[in-house]
file input.cif (mmCIF, C-alpha atoms)
data_model
loop_
_atom_site.group_PDB
_atom_site.id
_atom_site.type_symbol
_atom_site.label_atom_id
_atom_site.label_comp_id
_atom_site.auth_asym_id
_atom_site.auth_seq_id
_atom_site.Cartn_x
_atom_site.Cartn_y
_atom_site.Cartn_z
ATOM 1 C CA MET Q 1 97.010 116.619 127.555
ATOM 2 C CA LYS Q 2 99.907 118.336 125.816
ATOM 3 C CA ARG Q 3 103.206 116.494 125.730
ATOM 4 C CA PRO Q 4 106.745 117.840 125.367
ATOM 5 C CA VAL Q 5 108.631 116.993 122.202
ATOM 6 C CA LEU Q 6 112.347 116.901 121.610
ATOM 7 C CA LEU Q 7 112.901 119.443 118.863
ATOM 8 C CA LEU Q 8 115.406 117.593 116.663
ATOM 9 C CA ALA Q 9 114.406 118.956 113.260
ATOM 10 C CA LEU Q 10 113.107 115.612 112.100
ATOM 11 C CA THR Q 11 112.750 116.612 108.464
ATOM 12 C CA LEU Q 12 116.102 118.346 108.078
ATOM 13 C CA LEU Q 13 118.911 115.800 108.105
ATOM 14 C CA GLY Q 14 121.432 118.575 107.715
ATOM 15 C CA CYS Q 15 120.694 119.776 111.226
ATOM 16 C CA GLN Q 16 122.139 116.531 112.592
ATOM 17 C CA SER Q 17 125.662 117.765 112.030
ATOM 18 C CA ILE Q 18 125.388 120.114 114.996
ATOM 19 C CA LEU Q 19 125.041 117.140 117.321
ATOM 20 C CA THR Q 20 127.683 114.705 118.468
ATOM 21 C CA ALA Q 21 127.543 111.520 120.486
ATOM 22 C CA ARG Q 22 128.458 113.578 123.550
ATOM 23 C CA GLN Q 23 125.799 116.214 122.871
ATOM 24 C CA MET Q 24 122.603 114.329 122.317
ATOM 25 C CA HIS Q 25 120.215 116.596 124.173
ATOM 26 C CA PRO Q 26 117.638 118.674 122.276
ATOM 27 C CA LEU Q 27 118.229 122.336 121.677
ATOM 28 C CA GLN Q 28 114.775 123.209 122.957
ATOM 29 C CA VAL Q 29 111.690 121.646 124.506
ATOM 30 C CA LYS Q 30 108.369 122.828 123.133
ATOM 31 C CA GLU Q 31 104.709 122.021 123.570
ATOM 32 C CA VAL Q 32 103.390 119.715 120.873
ATOM 33 C CA PRO Q 33 100.607 121.026 118.616
ATOM 34 C CA ALA Q 34 97.712 118.602 118.391
ATOM 35 C CA TRP Q 35 98.340 117.894 114.719
ATOM 36 C CA VAL Q 36 101.951 116.938 115.423
ATOM 37 C CA ALA Q 37 100.957 114.632 118.263
ATOM 38 C CA ASN Q 38 98.374 113.020 116.001
ATOM 39 C CA ALA Q 39 100.944 112.558 113.233
ATOM 40 C CA PHE Q 40 103.290 110.770 115.609
ATOM 41 C CA THR Q 41 100.480 108.597 116.933
ATOM 42 C CA VAL Q 42 99.685 107.487 113.388
ATOM 43 C CA ALA Q 43 103.403 107.034 112.633
ATOM 44 C CA GLN Q 44 103.823 104.789 115.658
ATOM 45 C CA THR Q 45 100.854 102.612 114.679
ATOM 46 C CA GLN Q 46 102.061 102.260 111.101
ATOM 47 C CA SER Q 47 105.699 101.730 112.058
ATOM 48 C CA GLU Q 48 104.862 99.019 114.580
ATOM 49 C CA ALA Q 49 102.946 97.064 111.922
ATOM 50 C CA MET Q 50 105.679 97.644 109.367
ATOM 51 C CA TYR Q 51 108.387 96.623 111.823
ATOM 52 C CA ASN Q 52 106.791 93.201 112.169
ATOM 53 C CA GLU Q 53 106.808 92.798 108.376
ATOM 54 C CA VAL Q 54 110.420 93.963 108.119
ATOM 55 C CA MET Q 55 111.688 91.542 110.736
ATOM 56 C CA LYS Q 56 109.670 88.683 109.249
ATOM 57 C CA THR Q 57 110.888 89.226 105.677
ATOM 58 C CA GLY Q 58 114.274 90.918 106.065
ATOM 59 C CA LEU Q 59 113.052 93.483 103.500
ATOM 60 C CA LEU Q 60 112.507 97.212 104.002
ATOM 61 C CA PRO Q 61 109.711 99.526 102.828
ATOM 62 C CA ARG Q 62 110.040 101.879 99.902
ATOM 63 C CA SER Q 63 106.528 103.060 99.073
ATOM 64 C CA ILE Q 64 102.930 101.891 98.807
ATOM 65 C CA GLN Q 65 103.450 101.362 95.084
ATOM 66 C CA ARG Q 66 106.772 99.497 95.337
ATOM 67 C CA GLY Q 67 106.277 97.769 98.652
ATOM 68 C CA LEU Q 68 109.135 96.012 100.454
ATOM 69 C CA GLN Q 69 112.561 96.067 98.857
ATOM 70 C CA PRO Q 70 115.955 94.404 99.511
ATOM 71 C CA LYS Q 71 118.605 96.105 101.639
ATOM 72 C CA THR Q 72 120.375 97.278 98.495
ATOM 73 C CA ASP Q 73 117.520 99.672 97.645
ATOM 74 C CA TRP Q 74 118.375 103.351 97.989
ATOM 75 C CA THR Q 75 115.574 103.908 100.525
ATOM 76 C CA ALA Q 76 116.430 100.899 102.707
ATOM 77 C CA GLY Q 77 117.897 102.940 105.566
ATOM 78 C CA PHE Q 78 114.943 105.277 105.866
ATOM 79 C CA PHE Q 79 112.716 102.970 107.906
ATOM 80 C CA PRO Q 80 115.353 102.270 110.598
ATOM 81 C CA GLY Q 81 115.928 106.037 110.636
ATOM 82 C CA THR Q 82 112.224 106.587 111.236
ATOM 83 C CA LEU Q 83 112.360 104.203 114.193
ATOM 84 C CA TRP Q 84 115.229 106.234 115.670
ATOM 85 C CA TYR Q 85 113.074 109.357 115.317
ATOM 86 C CA LEU Q 86 110.204 107.644 117.106
ATOM 87 C CA TYR Q 87 112.583 106.709 119.921
ATOM 88 C CA THR Q 88 113.668 110.347 120.089
ATOM 89 C CA TYR Q 89 110.079 111.529 120.249
ATOM 90 C CA THR Q 90 108.708 109.017 122.738
ATOM 91 C CA GLY Q 91 111.781 108.218 124.823
ATOM 92 C CA GLU Q 92 110.486 104.641 124.969
ATOM 93 C CA ASP Q 93 113.087 101.863 124.990
ATOM 94 C CA THR Q 94 110.786 99.705 122.869
ATOM 95 C CA TRP Q 95 111.413 101.989 119.910
ATOM 96 C CA LYS Q 96 115.134 102.011 120.620
ATOM 97 C CA THR Q 97 115.206 98.205 120.545
ATOM 98 C CA ARG Q 98 113.253 98.151 117.286
ATOM 99 C CA ALA Q 99 115.536 100.776 115.777
ATOM 100 C CA GLU Q 100 118.607 98.773 116.770
ATOM 101 C CA LYS Q 101 117.260 95.558 115.237
ATOM 102 C CA ALA Q 102 116.162 97.226 111.998
ATOM 103 C CA THR Q 103 119.466 99.079 111.762
ATOM 104 C CA ALA Q 104 121.365 95.806 112.191
ATOM 105 C CA LEU Q 105 119.748 94.547 108.978
ATOM 106 C CA MET Q 106 121.729 97.188 107.087
ATOM 107 C CA GLU Q 107 125.185 96.362 108.424
ATOM 108 C CA GLY Q 108 126.359 94.515 105.310
ATOM 109 C CA GLU Q 109 125.637 97.540 103.114
ATOM 110 C CA GLN Q 110 128.695 99.333 104.506
ATOM 111 C CA ASN Q 111 130.703 97.578 101.793
ATOM 112 C CA ASN Q 112 128.261 98.047 98.900
ATOM 113 C CA ALA Q 113 129.941 100.313 96.357
ATOM 114 C CA PHE Q 114 127.543 99.557 93.494
ATOM 115 C CA ASP Q 115 126.272 103.147 93.444
ATOM 116 C CA HIS Q 116 126.350 106.328 95.495
ATOM 117 C CA ASP Q 117 123.283 105.494 97.585
ATOM 118 C CA ILE Q 118 125.338 104.254 100.533
ATOM 119 C CA GLY Q 119 125.064 107.715 102.071
ATOM 120 C CA PHE Q 120 121.264 107.649 101.949
ATOM 121 C CA LYS Q 121 121.156 104.158 103.350
ATOM 122 C CA MET Q 122 123.759 104.163 106.082
ATOM 123 C CA TYR Q 123 123.648 107.636 107.590
ATOM 124 C CA SER Q 124 119.861 107.524 107.945
ATOM 125 C CA CYS Q 125 120.107 104.505 110.232
ATOM 126 C CA PHE Q 126 123.619 104.201 111.670
ATOM 127 C CA GLY Q 127 124.106 107.973 111.687
ATOM 128 C CA ASN Q 128 120.941 108.620 113.680
ATOM 129 C CA GLY Q 129 121.728 105.656 115.920
ATOM 130 C CA TYR Q 130 125.182 107.004 116.691
ATOM 131 C CA LEU Q 131 123.903 110.507 117.395
ATOM 132 C CA LEU Q 132 121.394 109.134 119.895
ATOM 133 C CA THR Q 133 123.391 106.359 121.573
ATOM 134 C CA GLY Q 134 127.099 106.964 120.974
ATOM 135 C CA ASN Q 135 127.430 103.296 120.026
ATOM 136 C CA LYS Q 136 131.091 102.851 119.006
ATOM 137 C CA ALA Q 137 130.209 99.991 116.665
ATOM 138 C CA TYR Q 138 127.987 102.414 114.738
ATOM 139 C CA ARG Q 139 130.864 104.878 114.535
ATOM 140 C CA HIS Q 140 133.058 102.251 112.878
ATOM 141 C CA ILE Q 141 130.327 101.364 110.355
ATOM 142 C CA ILE Q 142 129.819 105.038 109.478
ATOM 143 C CA PHE Q 143 133.542 105.389 108.779
ATOM 144 C CA ARG Q 144 133.673 102.158 106.773
ATOM 145 C CA SER Q 145 130.641 103.270 104.750
ATOM 146 C CA ALA Q 146 132.275 106.601 103.994
ATOM 147 C CA LYS Q 147 135.431 104.876 102.767
ATOM 148 C CA THR Q 148 133.293 102.685 100.529
ATOM 149 C CA LEU Q 149 131.662 105.784 99.049
ATOM 150 C CA THR Q 150 135.072 107.273 98.272
ATOM 151 C CA SER Q 151 135.806 104.331 95.997
ATOM 152 C CA ARG Q 152 133.417 105.967 93.502
ATOM 153 C CA TYR Q 153 135.430 109.205 93.502
ATOM 154 C CA SER Q 154 137.627 110.115 90.546
ATOM 155 C CA TYR Q 155 140.539 112.487 90.966
ATOM 156 C CA LYS Q 156 140.380 113.146 87.216
ATOM 157 C CA THR Q 157 136.853 114.530 87.398
ATOM 158 C CA GLY Q 158 136.815 115.704 91.020
ATOM 159 C CA LEU Q 159 133.443 113.993 91.432
ATOM 160 C CA ILE Q 160 131.744 110.942 92.913
ATOM 161 C CA MET Q 161 130.121 108.927 90.130
ATOM 162 C CA SER Q 162 126.463 108.342 90.964
ATOM 163 C CA TRP Q 163 125.624 105.473 88.640
ATOM 164 C CA GLU Q 164 127.579 103.230 86.331
ATOM 165 C CA PRO Q 165 128.235 104.290 82.710
ATOM 166 C CA ASP Q 166 125.325 103.450 80.427
ATOM 167 C CA VAL Q 167 125.725 103.049 76.664
ATOM 168 C CA LYS Q 168 121.987 103.299 76.019
ATOM 169 C CA ARG Q 169 121.780 106.637 77.825
ATOM 170 C CA ASP Q 170 125.157 107.824 76.513
ATOM 171 C CA TRP Q 171 126.434 108.279 80.072
ATOM 172 C CA LEU Q 172 130.183 108.095 80.655
ATOM 173 C CA PHE Q 173 130.382 109.542 84.183
ATOM 174 C CA PRO Q 174 126.846 110.358 85.385
ATOM 175 C CA VAL Q 175 126.344 112.524 88.467
ATOM 176 C CA ILE Q 176 122.889 113.288 89.881
ATOM 177 C CA ILE Q 177 122.069 116.219 92.110
ATOM 178 C CA ASP Q 178 120.916 113.785 94.821
ATOM 179 C CA ASN Q 179 124.571 112.884 95.330
ATOM 180 C CA MET Q 180 124.994 116.075 97.369
ATOM 181 C CA ILE Q 181 123.044 114.451 100.218
ATOM 182 C CA ASN Q 182 125.662 111.702 100.474
ATOM 183 C CA LEU Q 183 128.356 114.236 101.339
ATOM 184 C CA GLU Q 184 126.982 114.403 104.878
ATOM 185 C CA LEU Q 185 128.243 110.859 105.434
ATOM 186 C CA LEU Q 186 131.740 111.873 104.308
ATOM 187 C CA MET Q 187 131.860 115.022 106.434
ATOM 188 C CA GLU Q 188 130.588 113.325 109.579
ATOM 189 C CA ALA Q 189 133.068 110.462 109.103
ATOM 190 C CA TYR Q 190 135.818 113.066 108.672
ATOM 191 C CA LYS Q 191 134.838 114.744 111.942
ATOM 192 C CA MET Q 192 134.876 111.381 113.720
ATOM 193 C CA SER Q 193 138.160 110.152 112.301
ATOM 194 C CA GLY Q 194 140.201 113.160 111.230
ATOM 195 C CA ASP Q 195 140.701 111.498 107.821
ATOM 196 C CA THR Q 196 141.169 114.592 105.638
ATOM 197 C CA THR Q 197 140.734 112.592 102.427
ATOM 198 C CA LEU Q 198 137.034 112.300 103.250
ATOM 199 C CA ARG Q 199 136.722 116.063 103.600
ATOM 200 C CA HIS Q 200 138.687 116.706 100.420
ATOM 201 C CA ILE Q 201 136.424 114.444 98.379
ATOM 202 C CA ALA Q 202 133.257 115.979 99.814
ATOM 203 C CA VAL Q 203 134.400 119.551 99.162
ATOM 204 C CA SER Q 204 135.694 118.697 95.683
ATOM 205 C CA HIS Q 205 132.390 117.129 94.696
ATOM 206 C CA ALA Q 206 130.411 120.051 96.111
ATOM 207 C CA ASP Q 207 132.576 122.647 94.340
ATOM 208 C CA LYS Q 208 132.352 120.894 90.985
ATOM 209 C CA THR Q 209 128.585 120.462 91.382
ATOM 210 C CA MET Q 210 128.147 124.137 92.204
ATOM 211 C CA LYS Q 211 130.149 125.101 89.119
ATOM 212 C CA TYR Q 212 128.575 122.813 86.525
ATOM 213 C CA HIS Q 213 125.263 121.411 87.741
ATOM 214 C CA TYR Q 214 123.356 124.703 87.839
ATOM 215 C CA ARG Q 215 122.023 126.817 85.004
ATOM 216 C CA LYS Q 216 122.240 130.599 84.957
ATOM 217 C CA ASP Q 217 118.755 130.841 86.478
ATOM 218 C CA MET Q 218 119.955 128.513 89.316
ATOM 219 C CA SER Q 219 117.741 125.622 88.236
ATOM 220 C CA CYS Q 220 119.409 122.254 87.813
ATOM 221 C CA PRO Q 221 118.743 119.067 85.863
ATOM 222 C CA HIS Q 222 118.653 115.693 87.572
ATOM 223 C CA VAL Q 223 121.712 114.305 85.743
ATOM 224 C CA VAL Q 224 124.933 115.844 84.480
ATOM 225 C CA ASP Q 225 127.329 113.639 82.532
ATOM 226 C CA TYR Q 226 131.075 114.276 82.524
ATOM 227 C CA GLU Q 227 134.044 113.253 80.429
ATOM 228 C CA PRO Q 228 135.821 110.711 82.682
ATOM 229 C CA GLU Q 229 139.368 111.516 81.529
ATOM 230 C CA THR Q 230 139.224 115.310 81.627
ATOM 231 C CA GLY Q 231 136.320 116.109 83.951
ATOM 232 C CA ALA Q 232 134.722 118.330 81.299
ATOM 233 C CA MET Q 233 130.939 118.529 81.396
ATOM 234 C CA ARG Q 234 129.409 116.614 78.472
ATOM 235 C CA LYS Q 235 125.699 117.295 78.803
ATOM 236 C CA TYR Q 236 122.662 117.865 80.966
ATOM 237 C CA ASP Q 237 120.342 114.876 81.100
ATOM 238 C CA TRP Q 238 117.376 113.480 82.987
ATOM 239 C CA ASN Q 239 116.196 110.399 84.787
ATOM 240 C CA ASN Q 240 113.622 111.963 87.062
ATOM 241 C CA GLY Q 241 111.783 115.041 85.904
ATOM 242 C CA SER Q 242 111.042 116.043 82.315
ATOM 243 C CA ASP Q 243 113.102 114.808 79.363
ATOM 244 C CA ASP Q 244 113.393 118.436 78.248
ATOM 245 C CA THR Q 245 117.024 118.764 79.312
ATOM 246 C CA ALA Q 246 117.142 122.480 78.579
ATOM 247 C CA ASN Q 247 114.553 123.235 81.254
ATOM 248 C CA SER Q 248 113.929 120.144 83.387
ATOM 249 C CA THR Q 249 114.657 120.533 87.075
#
call {"tool": "encode", "arguments": {"input": "input.cif", "output": "structure tokens"}}
result
Amino acid sequence: MKRPVLLLALTLLGCQSILTARQMHPLQVKEVPAWVANAFTVAQTQSEAMYNEVMKTGLLPRSIQRGLQPKTDWTAGFFPGTLWYLYTYTGEDTWKTRAEKATALMEGEQNNAFDHDIGFKMYSCFGNGYLLTGNKAYRHIIFRSAKTLTSRYSYKTGLIMSWEPDVKRDWLFPVIIDNMINLELLMEAYKMSGDTTLRHIAVSHADKTMKYHYRKDMSCPHVVDYEPETGAMRKYDWNNGSDDTANST
């Protein structure tokens, strides 16, 4: 029997910005293709087993190769986010309860300014949770997380520093293209709070990235390093991708 699915663009996090806590209903209701229904059935089976491991260990999954990781890992918020998606799909309170408990594991990360990954971690879980429940406690954590991210912003460069300087890699102010995804956290926190500093930082980082992170053919390297005092671009570099910095994307 075919089942209806809430069409929430599960793979496109950017589409979340069109929703608010007061507008949590799907844009459309469609019939589910068999392959989609099967994928969600498998996802539920796997997520239920993984949930038990997560709650037993306090660790969160990264990949088959890397297994369970601490809450500081850049992928730590993805599993709670997956549970929120399963709640959206099924409408079952069991998945909501699991999502809430897994999300609660991440609460302390709102103050972790070690790198830029706070956007990946916190908006995946608390952002989805807020969109679906309107939980005011989640709203506060989203705002606090955004403020933590801004502590990595430099007005001299106009950018959010992704990782710490690294003498071995000759990085003074490294910025990776992935950092663009974290701007969603800043913009959503700005919409919630009206704090224009959050918007300014997000737009500044995006503008500088657009200007310097892309080659003439519109390809981009993983890493661009900047001069911290002047904001001048120092070099293209790599961490993921090929070490051929002239062509790696």
call {"tool": "closest_residue", "arguments": {"input": "input.cif", "among": "Q:Leu149, Q:Ile142, Q:Pro174, Q:Lys101", "to": "Asn52 in chain Q", "atoms": "all atoms listed in the file"}}
result
Q:Lys101
call {"tool": "residues_around", "arguments": {"input": "input.cif", "residues": "Pro221 in chain Q", "least_positions_apart": "4", "cutoff": "10 Å", "atoms": "only C-alpha atoms", "output": "PyMOL selection string"}}
result
chain Q and resi 176-177+213-215+236-249
call {"tool": "resolve_selection", "arguments": {"input": "input.cif", "expression": "the PyMOL selection byres ((chain Q and resi 39-48) around 12)", "output": "MDAnalysis selection string"}}
result
chainID Q and resid 3 5 10 32:38 49:55 60:61 78:90 92 94:95 97:99 102
call {"tool": "resolve_selection", "arguments": {"input": "input.cif", "expression": "the PyMOL selection byres ((chain Q and resi 196-201) around 10)", "output": "PyMOL selection string"}}
result
chain Q and resi 143+146-147+149-150+153-155+158-160+183-191+193-195+202-207
call {"tool": "atom_distance", "arguments": {"input": "input.cif", "atom1": "CA of Lys71 in chain Q", "atom2": "CA of Met161 in chain Q"}}
result
20.7 Å
call {"tool": "resolve_selection", "arguments": {"input": "input.cif", "expression": "the PyMOL selection byres ((chain Q and resi 116) around 9)", "output": "list in words"}}
result
Trp74, Ala113, Phe114, Asp115, Asp117, Ile118, Gly119, Phe120, Leu149, Arg152, Ile160, Met161, Ser162, Trp163, Asn179 and Asn182 of chain Q
call {"tool": "atom_distance", "arguments": {"input": "input.cif", "atom1": "CA of Leu68 in chain Q", "atom2": "CA of Thr148 in chain Q"}}
result
25.1 Å
call {"tool": "closest_residue", "arguments": {"input": "input.cif", "among": "Q:Glu227, Q:Asp73, Q:Glu31, Q:Asp217", "to": "Lys156 in chain Q", "atoms": "all atoms listed in the file"}}
result
Q:Glu227
call {"tool": "build_atoms", "arguments": {"input": "input.cif", "residues": "range 194-205 of chain Q", "atoms": "all heavy atoms", "output": "PDB file, keeping the file's coordinate frame"}}
result
ATOM      1  N   GLY Q 194     139.097 112.280 111.592  1.00  0.00           N
ATOM      2  CA  GLY Q 194     140.201 113.160 111.230  1.00  0.00           C
ATOM      3  C   GLY Q 194     140.815 112.817 109.882  1.00  0.00           C
ATOM      4  O   GLY Q 194     141.833 113.401 109.494  1.00  0.00           O
ATOM      5  N   ASP Q 195     140.204 111.898 109.139  1.00  0.00           N
ATOM      6  CA  ASP Q 195     140.701 111.498 107.821  1.00  0.00           C
ATOM      7  C   ASP Q 195     140.393 112.618 106.828  1.00  0.00           C
ATOM      8  O   ASP Q 195     139.270 112.760 106.357  1.00  0.00           O
ATOM      9  CB  ASP Q 195     140.028 110.195 107.387  1.00  0.00           C
ATOM     10  CG  ASP Q 195     140.579 109.644 106.076  1.00  0.00           C
ATOM     11  OD1 ASP Q 195     141.152 110.419 105.297  1.00  0.00           O
ATOM     12  OD2 ASP Q 195     140.418 108.431 105.824  1.00  0.00           O
ATOM     13  N   THR Q 196     141.394 113.409 106.471  1.00  0.00           N
ATOM     14  CA  THR Q 196     141.169 114.592 105.638  1.00  0.00           C
ATOM     15  C   THR Q 196     140.824 114.239 104.192  1.00  0.00           C
ATOM     16  O   THR Q 196     140.283 115.076 103.474  1.00  0.00           O
ATOM     17  CB  THR Q 196     142.405 115.500 105.657  1.00  0.00           C
ATOM     18  OG1 THR Q 196     143.561 114.745 105.248  1.00  0.00           O
ATOM     19  CG2 THR Q 196     142.629 116.073 107.054  1.00  0.00           C
ATOM     20  N   THR Q 197     141.120 113.010 103.778  1.00  0.00           N
ATOM     21  CA  THR Q 197     140.734 112.592 102.427  1.00  0.00           C
ATOM     22  C   THR Q 197     139.222 112.650 102.262  1.00  0.00           C
ATOM     23  O   THR Q 197     138.712 113.039 101.206  1.00  0.00           O
ATOM     24  CB  THR Q 197     141.229 111.163 102.138  1.00  0.00           C
ATOM     25  OG1 THR Q 197     142.649 111.141 102.234  1.00  0.00           O
ATOM     26  CG2 THR Q 197     140.809 110.713 100.740  1.00  0.00           C
ATOM     27  N   LEU Q 198     138.497 112.269 103.302  1.00  0.00           N
ATOM     28  CA  LEU Q 198     137.034 112.300 103.250  1.00  0.00           C
ATOM     29  C   LEU Q 198     136.535 113.723 103.037  1.00  0.00           C
ATOM     30  O   LEU Q 198     135.628 113.963 102.225  1.00  0.00           O
ATOM     31  CB  LEU Q 198     136.450 111.718 104.541  1.00  0.00           C
ATOM     32  CG  LEU Q 198     136.822 110.275 104.857  1.00  0.00           C
ATOM     33  CD1 LEU Q 198     136.309 109.892 106.242  1.00  0.00           C
ATOM     34  CD2 LEU Q 198     136.260 109.328 103.802  1.00  0.00           C
ATOM     35  N   ARG Q 199     137.122 114.662 103.748  1.00  0.00           N
ATOM     36  CA  ARG Q 199     136.722 116.063 103.600  1.00  0.00           C
ATOM     37  C   ARG Q 199     137.082 116.577 102.215  1.00  0.00           C
ATOM     38  O   ARG Q 199     136.282 117.274 101.572  1.00  0.00           O
ATOM     39  CB  ARG Q 199     137.389 116.931 104.667  1.00  0.00           C
ATOM     40  CG  ARG Q 199     136.988 118.396 104.594  1.00  0.00           C
ATOM     41  CD  ARG Q 199     137.739 119.253 105.609  1.00  0.00           C
ATOM     42  NE  ARG Q 199     137.270 120.617 105.572  1.00  0.00           N
ATOM     43  CZ  ARG Q 199     137.674 121.531 104.667  1.00  0.00           C
ATOM     44  NH1 ARG Q 199     138.555 121.178 103.738  1.00  0.00           N
ATOM     45  NH2 ARG Q 199     137.182 122.759 104.708  1.00  0.00           N
ATOM     46  N   HIS Q 200     138.262 116.243 101.746  1.00  0.00           N
ATOM     47  CA  HIS Q 200     138.687 116.706 100.420  1.00  0.00           C
ATOM     48  C   HIS Q 200     137.716 116.246  99.345  1.00  0.00           C
ATOM     49  O   HIS Q 200     137.327 117.030  98.467  1.00  0.00           O
ATOM     50  CB  HIS Q 200     140.088 116.169 100.102  1.00  0.00           C
ATOM     51  CG  HIS Q 200     140.475 116.350  98.668  1.00  0.00           C
ATOM     52  ND1 HIS Q 200     140.925 117.553  98.160  1.00  0.00           N
ATOM     53  CD2 HIS Q 200     140.428 115.490  97.609  1.00  0.00           C
ATOM     54  CE1 HIS Q 200     141.144 117.426  96.856  1.00  0.00           C
ATOM     55  NE2 HIS Q 200     140.860 116.185  96.508  1.00  0.00           N
ATOM     56  N   ILE Q 201     137.331 114.992  99.388  1.00  0.00           N
ATOM     57  CA  ILE Q 201     136.424 114.444  98.379  1.00  0.00           C
ATOM     58  C   ILE Q 201     135.060 115.121  98.452  1.00  0.00           C
ATOM     59  O   ILE Q 201     134.468 115.475  97.420  1.00  0.00           O
ATOM     60  CB  ILE Q 201     136.310 112.925  98.540  1.00  0.00           C
ATOM     61  CG1 ILE Q 201     137.636 112.259  98.124  1.00  0.00           C
ATOM     62  CG2 ILE Q 201     135.144 112.362  97.734  1.00  0.00           C
ATOM     63  CD1 ILE Q 201     137.698 110.782  98.383  1.00  0.00           C
ATOM     64  N   ALA Q 202     134.558 115.323  99.656  1.00  0.00           N
ATOM     65  CA  ALA Q 202     133.257 115.979  99.814  1.00  0.00           C
ATOM     66  C   ALA Q 202     133.284 117.401  99.263  1.00  0.00           C
ATOM     67  O   ALA Q 202     132.374 117.817  98.524  1.00  0.00           O
ATOM     68  CB  ALA Q 202     132.852 115.985 101.282  1.00  0.00           C
ATOM     69  N   VAL Q 203     134.306 118.158  99.607  1.00  0.00           N
ATOM     70  CA  VAL Q 203     134.400 119.551  99.162  1.00  0.00           C
ATOM     71  C   VAL Q 203     134.609 119.616  97.650  1.00  0.00           C
ATOM     72  O   VAL Q 203     134.009 120.455  96.958  1.00  0.00           O
ATOM     73  CB  VAL Q 203     135.535 120.277  99.903  1.00  0.00           C
ATOM     74  CG1 VAL Q 203     135.779 121.660  99.315  1.00  0.00           C
ATOM     75  CG2 VAL Q 203     135.202 120.402 101.390  1.00  0.00           C
ATOM     76  N   SER Q 204     135.452 118.723  97.126  1.00  0.00           N
ATOM     77  CA  SER Q 204     135.694 118.697  95.683  1.00  0.00           C
ATOM     78  C   SER Q 204     134.407 118.435  94.920  1.00  0.00           C
ATOM     79  O   SER Q 204     134.099 119.123  93.933  1.00  0.00           O
ATOM     80  CB  SER Q 204     136.733 117.614  95.355  1.00  0.00           C
ATOM     81  OG  SER Q 204     136.875 117.454  93.956  1.00  0.00           O
ATOM     82  N   HIS Q 205     133.650 117.451  95.368  1.00  0.00           N
ATOM     83  CA  HIS Q 205     132.390 117.129  94.696  1.00  0.00           C
ATOM     84  C   HIS Q 205     131.410 118.300  94.775  1.00  0.00           C
ATOM     85  O   HIS Q 205     130.749 118.642  93.793  1.00  0.00           O
ATOM     86  CB  HIS Q 205     131.759 115.877  95.308  1.00  0.00           C
ATOM     87  CG  HIS Q 205     130.526 115.427  94.600  1.00  0.00           C
ATOM     88  ND1 HIS Q 205     130.542 114.489  93.600  1.00  0.00           N
ATOM     89  CD2 HIS Q 205     129.224 115.815  94.731  1.00  0.00           C
ATOM     90  CE1 HIS Q 205     129.312 114.306  93.144  1.00  0.00           C
ATOM     91  NE2 HIS Q 205     128.497 115.098  93.827  1.00  0.00           N
TER      92      HIS Q 205
END
